$ cat upload.cif   # mmCIF, C-alpha atoms, pLDDT in the B column; chains and numbers go by the auth columns
data_work
loop_
_atom_site.group_PDB
_atom_site.id
_atom_site.type_symbol
_atom_site.label_atom_id
_atom_site.label_comp_id
_atom_site.label_asym_id
_atom_site.label_seq_id
_atom_site.Cartn_x
_atom_site.Cartn_y
_atom_site.Cartn_z
_atom_site.B_iso_or_equiv
_atom_site.auth_seq_id
_atom_site.auth_asym_id
ATOM 1 C CA MET A 1 11.201 9.828 12.504 75.00 1 P
ATOM 2 C CA GLU A 2 11.469 6.876 10.204 94.00 2 P
ATOM 3 C CA LEU A 3 8.260 5.268 11.485 95.00 3 P
ATOM 4 C CA GLY A 4 6.282 8.479 10.984 96.00 4 P
ATOM 5 C CA THR A 5 7.553 8.832 7.439 97.00 5 P
ATOM 6 C CA GLU A 6 6.704 5.237 6.629 97.00 6 P
ATOM 7 C CA GLU A 7 3.208 5.637 8.095 97.00 7 P
ATOM 8 C CA GLU A 8 2.682 8.711 5.898 98.00 8 P
ATOM 9 C CA LEU A 9 3.834 6.754 2.850 98.00 9 P
ATOM 10 C CA LEU A 10 1.454 3.920 3.774 98.00 10 P
ATOM 11 C CA ASP A 11 -1.426 6.370 4.097 98.00 11 P
ATOM 12 C CA LYS A 12 -0.614 7.884 0.712 98.00 12 P
ATOM 13 C CA ALA A 13 -0.322 4.448 -0.907 98.00 13 P
ATOM 14 C CA ARG A 14 -3.733 3.468 0.502 98.00 14 P
ATOM 15 C CA LYS A 15 -5.307 6.677 -0.814 98.00 15 P
ATOM 16 C CA ASN A 16 -3.759 6.099 -4.238 98.00 16 P
ATOM 17 C CA LEU A 17 -5.164 2.569 -4.302 97.00 17 P
ATOM 18 C CA VAL A 18 -8.656 3.782 -3.380 96.00 18 P
ATOM 19 C CA GLU A 19 -8.489 6.447 -6.094 96.00 19 P
ATOM 20 C CA GLN A 20 -7.384 3.907 -8.678 94.00 20 P
ATOM 21 C CA GLU A 21 -10.095 1.443 -7.646 91.00 21 P
ATOM 22 C CA ALA A 22 -12.682 4.141 -8.367 90.00 22 P
ATOM 23 C CA ILE A 23 -11.396 4.627 -11.924 86.00 23 P
ATOM 24 C CA ARG A 24 -12.842 2.470 -14.671 77.00 24 P
ATOM 25 C CA THR A 25 -11.565 2.964 -18.176 72.00 25 P
ATOM 26 C CA GLY A 26 -13.387 1.790 -21.279 72.00 26 P
ATOM 27 C CA ASP A 27 -10.825 -0.868 -22.138 71.00 27 P
ATOM 28 C CA GLU A 28 -11.129 -2.548 -18.733 68.00 28 P
ATOM 29 C CA LYS A 29 -14.226 -4.629 -19.285 74.00 29 P
ATOM 30 C CA ASN A 30 -12.125 -7.615 -18.309 83.00 30 P
ATOM 31 C CA PHE A 31 -11.648 -8.008 -14.526 83.00 31 P
ATOM 32 C CA ALA A 32 -8.131 -9.338 -15.048 87.00 32 P
ATOM 33 C CA ARG A 33 -7.104 -6.061 -16.685 86.00 33 P
ATOM 34 C CA VAL A 34 -8.447 -4.114 -13.733 88.00 34 P
ATOM 35 C CA GLN A 35 -6.514 -6.349 -11.352 91.00 35 P
ATOM 36 C CA GLU A 36 -3.366 -5.964 -13.452 91.00 36 P
ATOM 37 C CA ARG A 37 -3.642 -2.159 -13.359 91.00 37 P
ATOM 38 C CA LEU A 38 -4.280 -2.123 -9.598 95.00 38 P
ATOM 39 C CA GLN A 39 -1.519 -4.575 -8.655 98.00 39 P
ATOM 40 C CA PRO A 40 1.313 -2.005 -8.399 98.00 40 P
ATOM 41 C CA PHE A 41 -0.836 0.066 -6.016 98.00 41 P
ATOM 42 C CA LYS A 42 -1.633 -3.013 -3.915 98.00 42 P
ATOM 43 C CA ASP A 43 2.057 -3.930 -3.882 98.00 43 P
ATOM 44 C CA SER A 44 2.946 -0.439 -2.655 98.00 44 P
ATOM 45 C CA VAL A 45 0.439 -0.683 0.210 98.00 45 P
ATOM 46 C CA GLU A 46 1.786 -4.107 1.163 98.00 46 P
ATOM 47 C CA THR A 47 5.406 -2.928 1.092 98.00 47 P
ATOM 48 C CA HIS A 48 4.751 0.093 3.281 98.00 48 P
ATOM 49 C CA GLN A 49 2.620 -1.964 5.696 98.00 49 P
ATOM 50 C CA LYS A 50 5.462 -4.466 6.076 98.00 50 P
ATOM 51 C CA ASN A 51 7.914 -1.615 6.690 98.00 51 P
ATOM 52 C CA VAL A 52 5.664 -0.078 9.364 98.00 52 P
ATOM 53 C CA ASP A 53 5.241 -3.455 11.045 98.00 53 P
ATOM 54 C CA ALA A 54 8.996 -4.103 10.992 97.00 54 P
ATOM 55 C CA LEU A 55 9.781 -0.678 12.458 96.00 55 P
ATOM 56 C CA LYS A 56 7.212 -1.157 15.234 96.00 56 P
ATOM 57 C CA ARG A 57 8.736 -4.556 16.087 96.00 57 P
ATOM 58 C CA GLU A 58 12.189 -2.983 16.141 94.00 58 P
ATOM 59 C CA ILE A 59 11.041 -0.168 18.435 92.00 59 P
ATOM 60 C CA PHE A 60 9.280 -2.672 20.703 93.00 60 P
ATOM 61 C CA ASN A 61 12.419 -4.827 20.920 93.00 61 P
ATOM 62 C CA LEU A 62 14.568 -1.808 21.763 90.00 62 P
ATOM 63 C CA GLY A 63 12.279 -0.982 24.654 85.00 63 P
ATOM 64 C CA ARG A 64 12.693 -4.409 26.238 82.00 64 P
#

$ encode --input "upload.cif" --output "structure tokens"
Amino acid sequence: MELGTEEELLDKARKNLVEQEAIRTGDEKNFARVQERLQPFKDSVETHQKNVDALKREIFNLGR
């Protein structure tokens, strides 16, 4: 099911973000660098969340 797959991808993206947030490298003393490194992971979570929400709306509308 497309929704199930997207939910799995969202879960994985969230886990990846949490893992990356726990990593601090020596050259990231600047908060902006940390944010820059984390942004692709945050974007992935946001994309998959939007996809899950859209699929749920679509399923809901089909059931009406």

$ atom_distance --input "upload.cif" --atom1 "atom CA of Asn16 of chain P" --atom2 "atom CA of Lys42 of chain P"
9.4 Å

$ residues_around --input "upload.cif" --residues "Gln39 of chain P" --least-positions-apart "3" --cutoff "12 Å" --atoms "all atoms listed in the file" --output "JSON, numbers by chain"
{"P": [13, 16, 17, 20, 21, 32, 33, 34, 35, 36, 42, 43, 44, 45, 46]}

$ axis_aligned_box --input "upload.cif" --around "segment 43-61 of chain P" --padding-each-side "4 Å" --output "JSON"
{"center_x": 6.4, "center_y": -2.4, "center_z": 8.5, "size_x": 20.0, "size_y": 12.9, "size_z": 32.8}

$ closest_residue --input "upload.cif" --among "P:Glu19, P:Asn30, P:Leu3, P:Leu10" --to "Gln49 of chain P" --atoms "only C-alpha atoms"
P:Leu10

$ resolve_selection --input "upload.cif" --expression "the PyMOL selection byres ((chain P and resi 53-63) around 9)" --output "number ranges by chain"
P: 2-3, 6, 48-52, 64

$ atom_distance --input "upload.cif" --atom1 "atom CA of Phe41 of chain P" --atom2 "atom CA of Asp27 of chain P"
19.0 Å

$ build_atoms --input "upload.cif" --residues "segment 9-20 of chain P" --atoms "all heavy atoms" --output "short mmCIF file (atom, residue, chain, number, x, y, z; two decimals), keeping the file's coordinate frame"
data_model
loop_
_atom_site.label_atom_id
_atom_site.label_comp_id
_atom_site.auth_asym_id
_atom_site.auth_seq_id
_atom_site.Cartn_x
_atom_site.Cartn_y
_atom_site.Cartn_z
N LEU P 9 3.76 7.40 4.16
CA LEU P 9 3.83 6.75 2.85
C LEU P 9 2.77 5.67 2.71
O LEU P 9 2.18 5.50 1.64
CB LEU P 9 5.23 6.16 2.63
CG LEU P 9 6.36 7.18 2.46
CD1 LEU P 9 7.71 6.48 2.48
CD2 LEU P 9 6.18 7.97 1.17
N LEU P 10 2.51 4.93 3.79
CA LEU P 10 1.45 3.92 3.77
C LEU P 10 0.10 4.56 3.55
O LEU P 10 -0.70 4.09 2.74
CB LEU P 10 1.46 3.13 5.08
CG LEU P 10 0.33 2.12 5.28
CD1 LEU P 10 0.31 1.08 4.17
CD2 LEU P 10 0.46 1.45 6.65
N ASP P 11 -0.16 5.66 4.25
CA ASP P 11 -1.43 6.37 4.10
C ASP P 11 -1.61 6.85 2.65
O ASP P 11 -2.67 6.68 2.06
CB ASP P 11 -1.48 7.55 5.07
CG ASP P 11 -2.84 8.23 5.08
OD1 ASP P 11 -3.86 7.52 5.19
OD2 ASP P 11 -2.86 9.47 4.96
N LYS P 12 -0.55 7.40 2.09
CA LYS P 12 -0.61 7.88 0.71
C LYS P 12 -0.84 6.73 -0.26
O LYS P 12 -1.63 6.84 -1.20
CB LYS P 12 0.67 8.63 0.36
CG LYS P 12 0.65 9.23 -1.01
CD LYS P 12 1.90 10.04 -1.30
CE LYS P 12 1.82 10.62 -2.71
NZ LYS P 12 3.03 11.34 -3.07
N ALA P 13 -0.16 5.62 -0.04
CA ALA P 13 -0.32 4.45 -0.91
C ALA P 13 -1.76 3.92 -0.85
O ALA P 13 -2.33 3.55 -1.87
CB ALA P 13 0.67 3.35 -0.51
N ARG P 14 -2.34 3.91 0.35
CA ARG P 14 -3.73 3.47 0.50
C ARG P 14 -4.69 4.40 -0.24
O ARG P 14 -5.62 3.96 -0.91
CB ARG P 14 -4.12 3.40 1.97
CG ARG P 14 -3.53 2.22 2.70
CD ARG P 14 -3.93 2.22 4.15
NE ARG P 14 -3.46 1.03 4.83
CZ ARG P 14 -3.27 0.94 6.14
NH1 ARG P 14 -3.48 1.99 6.91
NH2 ARG P 14 -2.85 -0.19 6.67
N LYS P 15 -4.46 5.70 -0.12
CA LYS P 15 -5.31 6.68 -0.81
C LYS P 15 -5.18 6.51 -2.33
O LYS P 15 -6.19 6.57 -3.04
CB LYS P 15 -4.94 8.11 -0.40
CG LYS P 15 -5.39 8.45 1.00
CD LYS P 15 -4.95 9.85 1.40
CE LYS P 15 -5.35 10.13 2.84
NZ LYS P 15 -4.87 11.42 3.31
N ASN P 16 -3.97 6.31 -2.81
CA ASN P 16 -3.76 6.10 -4.24
C ASN P 16 -4.50 4.86 -4.72
O ASN P 16 -5.10 4.87 -5.81
CB ASN P 16 -2.27 5.97 -4.57
CG ASN P 16 -1.53 7.28 -4.47
OD1 ASN P 16 -2.13 8.36 -4.53
ND2 ASN P 16 -0.22 7.20 -4.33
N LEU P 17 -4.46 3.80 -3.94
CA LEU P 17 -5.16 2.57 -4.30
C LEU P 17 -6.66 2.82 -4.38
O LEU P 17 -7.32 2.42 -5.35
CB LEU P 17 -4.85 1.45 -3.31
CG LEU P 17 -5.60 0.14 -3.53
CD1 LEU P 17 -5.33 -0.44 -4.92
CD2 LEU P 17 -5.23 -0.88 -2.46
N VAL P 18 -7.22 3.49 -3.39
CA VAL P 18 -8.66 3.78 -3.38
C VAL P 18 -9.04 4.62 -4.60
O VAL P 18 -10.05 4.34 -5.27
CB VAL P 18 -9.07 4.50 -2.07
CG1 VAL P 18 -10.48 5.05 -2.16
CG2 VAL P 18 -8.95 3.54 -0.90
N GLU P 19 -8.22 5.62 -4.92
CA GLU P 19 -8.49 6.45 -6.09
C GLU P 19 -8.47 5.61 -7.37
O GLU P 19 -9.34 5.75 -8.23
CB GLU P 19 -7.45 7.56 -6.21
CG GLU P 19 -7.61 8.65 -5.17
CD GLU P 19 -6.46 9.65 -5.20
OE1 GLU P 19 -5.59 9.57 -6.10
OE2 GLU P 19 -6.43 10.52 -4.30
N GLN P 20 -7.50 4.74 -7.48
CA GLN P 20 -7.38 3.91 -8.68
C GLN P 20 -8.52 2.89 -8.78
O GLN P 20 -8.98 2.57 -9.87
CB GLN P 20 -6.03 3.19 -8.71
CG GLN P 20 -4.87 4.11 -8.97
CD GLN P 20 -4.98 4.82 -10.30
OE1 GLN P 20 -5.25 4.22 -11.33
NE2 GLN P 20 -4.76 6.12 -10.28
#
